[in-house]
Amino acid sequence: MTRCALLGDGIETARTSLERTRGLLGTKKLPRGGGLWIVPCRSIHSFGMRYEFDALFLGHDGKVVGAHPRFRRNRISRIFWKARGVLELPLGTIGRTFTALGDEVVFQTTGGGS
């Protein structure tokens with residue numbers, strides 16, 4: 001089933017070791033439409049976070065292999081061995097979009113810039 005649900009239109013990517021280590025630390029909140037794609041990544045933690053968020057672990061084919069709606073502060077996730085990366089989203093995004101295990105997430109870039 002295709003839902004064509006928009007998970008975010010302001011998703012940033014963390015690819016370098018420093019970007020992945022920093023993640024969302026130091027941010028005050030994730031605005032609706034915002035998010036962080038951390039790649040590669042198979043497990044996350046929320047030590048030092050100021051807020052709860054949703055997390056989707058995606059496999060190499062873009063399918064959801066793990067989901068953490070309402071990932072609480074000061075927690076560590078289990079390891080999702082089949083994950084390529086994790087998409088961290090504002091709290092409530094998974095429920096609002098009805099995203100479930102096995103769903104395919106497609107990243108699209110906008111044609112912005114000159």
# chains A, B, ... in the order shown; residues from 1 in each chain; ligands from 1
call {"tool": "select_by_dssp", "arguments": {"residues": "region 13-92 of chain A", "states": "strand (DSSP E)", "output": "PDB file with N, CA and C atoms, in the first residue's frame"}}
result
ATOM      1  N   THR A  13      21.135  15.743   6.420  1.00  0.00           N
ATOM      2  CA  THR A  13      21.880  14.482   6.431  1.00  0.00           C
ATOM      3  C   THR A  13      23.141  14.617   7.263  1.00  0.00           C
ATOM      4  N   ALA A  14      23.412  13.606   8.075  1.00  0.00           N
ATOM      5  CA  ALA A  14      24.646  13.526   8.859  1.00  0.00           C
ATOM      6  C   ALA A  14      25.436  12.332   8.335  1.00  0.00           C
ATOM      7  N   GLY A  34      10.965  18.894   9.846  1.00  0.00           N
ATOM      8  CA  GLY A  34      12.404  18.754   9.990  1.00  0.00           C
ATOM      9  C   GLY A  34      12.780  17.320  10.291  1.00  0.00           C
ATOM     10  N   GLY A  35      14.068  17.061  10.295  1.00  0.00           N
ATOM     11  CA  GLY A  35      14.539  15.730  10.618  1.00  0.00           C
ATOM     12  C   GLY A  35      16.008  15.590  10.320  1.00  0.00           C
ATOM     13  N   LEU A  36      16.559  14.452  10.715  1.00  0.00           N
ATOM     14  CA  LEU A  36      17.977  14.180  10.478  1.00  0.00           C
ATOM     15  C   LEU A  36      18.126  12.739  10.021  1.00  0.00           C
ATOM     16  N   TRP A  37      18.743  12.556   8.845  1.00  0.00           N
ATOM     17  CA  TRP A  37      19.056  11.247   8.282  1.00  0.00           C
ATOM     18  C   TRP A  37      20.500  10.959   8.639  1.00  0.00           C
ATOM     19  N   ILE A  38      20.727   9.989   9.514  1.00  0.00           N
ATOM     20  CA  ILE A  38      22.069   9.622   9.968  1.00  0.00           C
ATOM     21  C   ILE A  38      22.463   8.333   9.267  1.00  0.00           C
ATOM     22  N   PHE A  53      11.727  12.199  20.427  1.00  0.00           N
ATOM     23  CA  PHE A  53      11.561  12.265  18.969  1.00  0.00           C
ATOM     24  C   PHE A  53      11.181  10.886  18.458  1.00  0.00           C
ATOM     25  N   ASP A  54      10.813  10.810  17.195  1.00  0.00           N
ATOM     26  CA  ASP A  54      10.524   9.538  16.537  1.00  0.00           C
ATOM     27  C   ASP A  54      11.751   9.116  15.747  1.00  0.00           C
ATOM     28  N   ALA A  55      11.957   7.818  15.594  1.00  0.00           N
ATOM     29  CA  ALA A  55      13.108   7.313  14.834  1.00  0.00           C
ATOM     30  C   ALA A  55      12.683   6.137  13.955  1.00  0.00           C
ATOM     31  N   LEU A  56      13.084   6.208  12.690  1.00  0.00           N
ATOM     32  CA  LEU A  56      12.839   5.126  11.736  1.00  0.00           C
ATOM     33  C   LEU A  56      14.174   4.602  11.238  1.00  0.00           C
ATOM     34  N   PHE A  57      14.405   3.315  11.425  1.00  0.00           N
ATOM     35  CA  PHE A  57      15.615   2.679  10.899  1.00  0.00           C
ATOM     36  C   PHE A  57      15.277   2.123   9.522  1.00  0.00           C
ATOM     37  N   LEU A  58      16.069   2.501   8.529  1.00  0.00           N
ATOM     38  CA  LEU A  58      15.806   2.111   7.147  1.00  0.00           C
ATOM     39  C   LEU A  58      16.886   1.192   6.624  1.00  0.00           C
ATOM     40  N   GLY A  59      16.468   0.171   5.896  1.00  0.00           N
ATOM     41  CA  GLY A  59      17.406  -0.753   5.279  1.00  0.00           C
ATOM     42  C   GLY A  59      17.989  -0.172   3.999  1.00  0.00           C
ATOM     43  N   VAL A  64      11.448   0.368   6.019  1.00  0.00           N
ATOM     44  CA  VAL A  64      11.529   0.523   7.472  1.00  0.00           C
ATOM     45  C   VAL A  64      11.775  -0.850   8.106  1.00  0.00           C
ATOM     46  N   VAL A  65      12.922  -0.978   8.789  1.00  0.00           N
ATOM     47  CA  VAL A  65      13.273  -2.224   9.471  1.00  0.00           C
ATOM     48  C   VAL A  65      13.154  -2.092  10.989  1.00  0.00           C
ATOM     49  N   GLY A  66      12.949  -0.878  11.460  1.00  0.00           N
ATOM     50  CA  GLY A  66      12.776  -0.632  12.886  1.00  0.00           C
ATOM     51  C   GLY A  66      12.130   0.720  13.102  1.00  0.00           C
ATOM     52  N   ALA A  67      11.304   0.813  14.121  1.00  0.00           N
ATOM     53  CA  ALA A  67      10.625   2.079  14.401  1.00  0.00           C
ATOM     54  C   ALA A  67      10.579   2.318  15.902  1.00  0.00           C
ATOM     55  N   HIS A  68      10.848   3.550  16.271  1.00  0.00           N
ATOM     56  CA  HIS A  68      10.754   3.976  17.664  1.00  0.00           C
ATOM     57  C   HIS A  68       9.896   5.236  17.706  1.00  0.00           C
ATOM     58  N   PRO A  69       8.578   5.070  17.792  1.00  0.00           N
ATOM     59  CA  PRO A  69       7.784   6.273  18.031  1.00  0.00           C
ATOM     60  C   PRO A  69       8.047   6.724  19.472  1.00  0.00           C
ATOM     61  N   ARG A  70       8.244   7.993  19.659  1.00  0.00           N
ATOM     62  CA  ARG A  70       8.501   8.556  20.994  1.00  0.00           C
ATOM     63  C   ARG A  70       9.749   7.956  21.638  1.00  0.00           C
ATOM     64  N   PHE A  71      10.878   8.186  20.994  1.00  0.00           N
ATOM     65  CA  PHE A  71      12.155   7.738  21.562  1.00  0.00           C
ATOM     66  C   PHE A  71      12.482   8.686  22.715  1.00  0.00           C
ATOM     67  N   ALA A  83      19.765  -2.297   9.198  1.00  0.00           N
ATOM     68  CA  ALA A  83      19.604  -0.867   8.921  1.00  0.00           C
ATOM     69  C   ALA A  83      20.808  -0.281   8.192  1.00  0.00           C
ATOM     70  N   ARG A  84      20.516   0.591   7.281  1.00  0.00           N
ATOM     71  CA  ARG A  84      21.544   1.407   6.619  1.00  0.00           C
ATOM     72  C   ARG A  84      21.740   2.704   7.409  1.00  0.00           C
ATOM     73  N   GLY A  85      20.630   3.234   7.912  1.00  0.00           N
ATOM     74  CA  GLY A  85      20.679   4.485   8.654  1.00  0.00           C
ATOM     75  C   GLY A  85      19.398   4.689   9.436  1.00  0.00           C
ATOM     76  N   VAL A  86      19.342   5.816  10.131  1.00  0.00           N
ATOM     77  CA  VAL A  86      18.162   6.148  10.929  1.00  0.00           C
ATOM     78  C   VAL A  86      17.678   7.544  10.547  1.00  0.00           C
ATOM     79  N   LEU A  87      16.373   7.676  10.467  1.00  0.00           N
ATOM     80  CA  LEU A  87      15.742   8.954  10.192  1.00  0.00           C
ATOM     81  C   LEU A  87      15.094   9.429  11.481  1.00  0.00           C
ATOM     82  N   GLU A  88      15.647  10.488  12.067  1.00  0.00           N
ATOM     83  CA  GLU A  88      15.106  11.044  13.302  1.00  0.00           C
ATOM     84  C   GLU A  88      14.148  12.165  12.937  1.00  0.00           C
ATOM     85  N   LEU A  89      12.937  12.075  13.482  1.00  0.00           N
ATOM     86  CA  LEU A  89      11.838  12.958  13.098  1.00  0.00           C
ATOM     87  C   LEU A  89      11.162  13.569  14.323  1.00  0.00           C
ATOM     88  N   PRO A  90      10.403  14.648  14.127  1.00  0.00           N
ATOM     89  CA  PRO A  90       9.686  15.235  15.256  1.00  0.00           C
ATOM     90  C   PRO A  90       8.721  14.233  15.902  1.00  0.00           C
TER      91      PRO A  90
END
call {"tool": "closest_atom_pairs", "arguments": {"of": "region 70-108 of chain A", "to": "region 6-11 of chain A", "cutoff": "12 Å", "atoms": "only C-alpha atoms", "output": "tab-separated table"}}
result
residue	atom	partner	partner_atom	distance
A:Val86	CA	A:Ile11	CA	11.8
A:Leu87	CA	A:Ile11	CA	8.6
A:Glu88	CA	A:Ile11	CA	9.0
A:Leu89	CA	A:Leu7	CA	7.8
A:Pro90	CA	A:Gly8	CA	9.1
A:Leu91	CA	A:Leu7	CA	11.4
A:Gly92	CA	A:Leu7	CA	10.5
A:Thr93	CA	A:Leu7	CA	6.8
A:Ile94	CA	A:Leu7	CA	8.1
A:Gly95	CA	A:Leu7	CA	10.7
A:Arg96	CA	A:Leu7	CA	9.1
A:Thr97	CA	A:Leu7	CA	7.1
A:Phe98	CA	A:Leu7	CA	10.2
A:Thr99	CA	A:Leu7	CA	8.9
A:Glu104	CA	A:Leu7	CA	11.6
A:Val105	CA	A:Leu7	CA	8.7
A:Val106	CA	A:Leu6	CA	9.7
A:Phe107	CA	A:Ile11	CA	9.1
A:Gln108	CA	A:Asp9	CA	9.2
call {"tool": "select_by_dssp", "arguments": {"residues": "chain A", "states": "helix (DSSP H, G or I)", "output": "list in words"}}
result
Ser17, Leu18, Glu19, Arg20, Thr21, Arg22, Thr93, Ile94, Gly95, Arg96 and Thr97 of chain A
call {"tool": "residues_around", "arguments": {"residues": "Ile44 (chain A)", "least_positions_apart": "3", "cutoff": "9 Å", "atoms": "only C-alpha atoms", "output": "list of chain:residue names"}}
result
A:Cys41, A:Ala55, A:Arg75, A:Ile76, A:Ser77, A:Arg78, A:Ile79, A:Val86
call {"tool": "closest_residue", "arguments": {"among": "A:His45, A:Lys63, A:Arg22, A:Lys28", "to": "Asp103 (chain A)", "atoms": "only C-alpha atoms"}}
result
A:Lys63
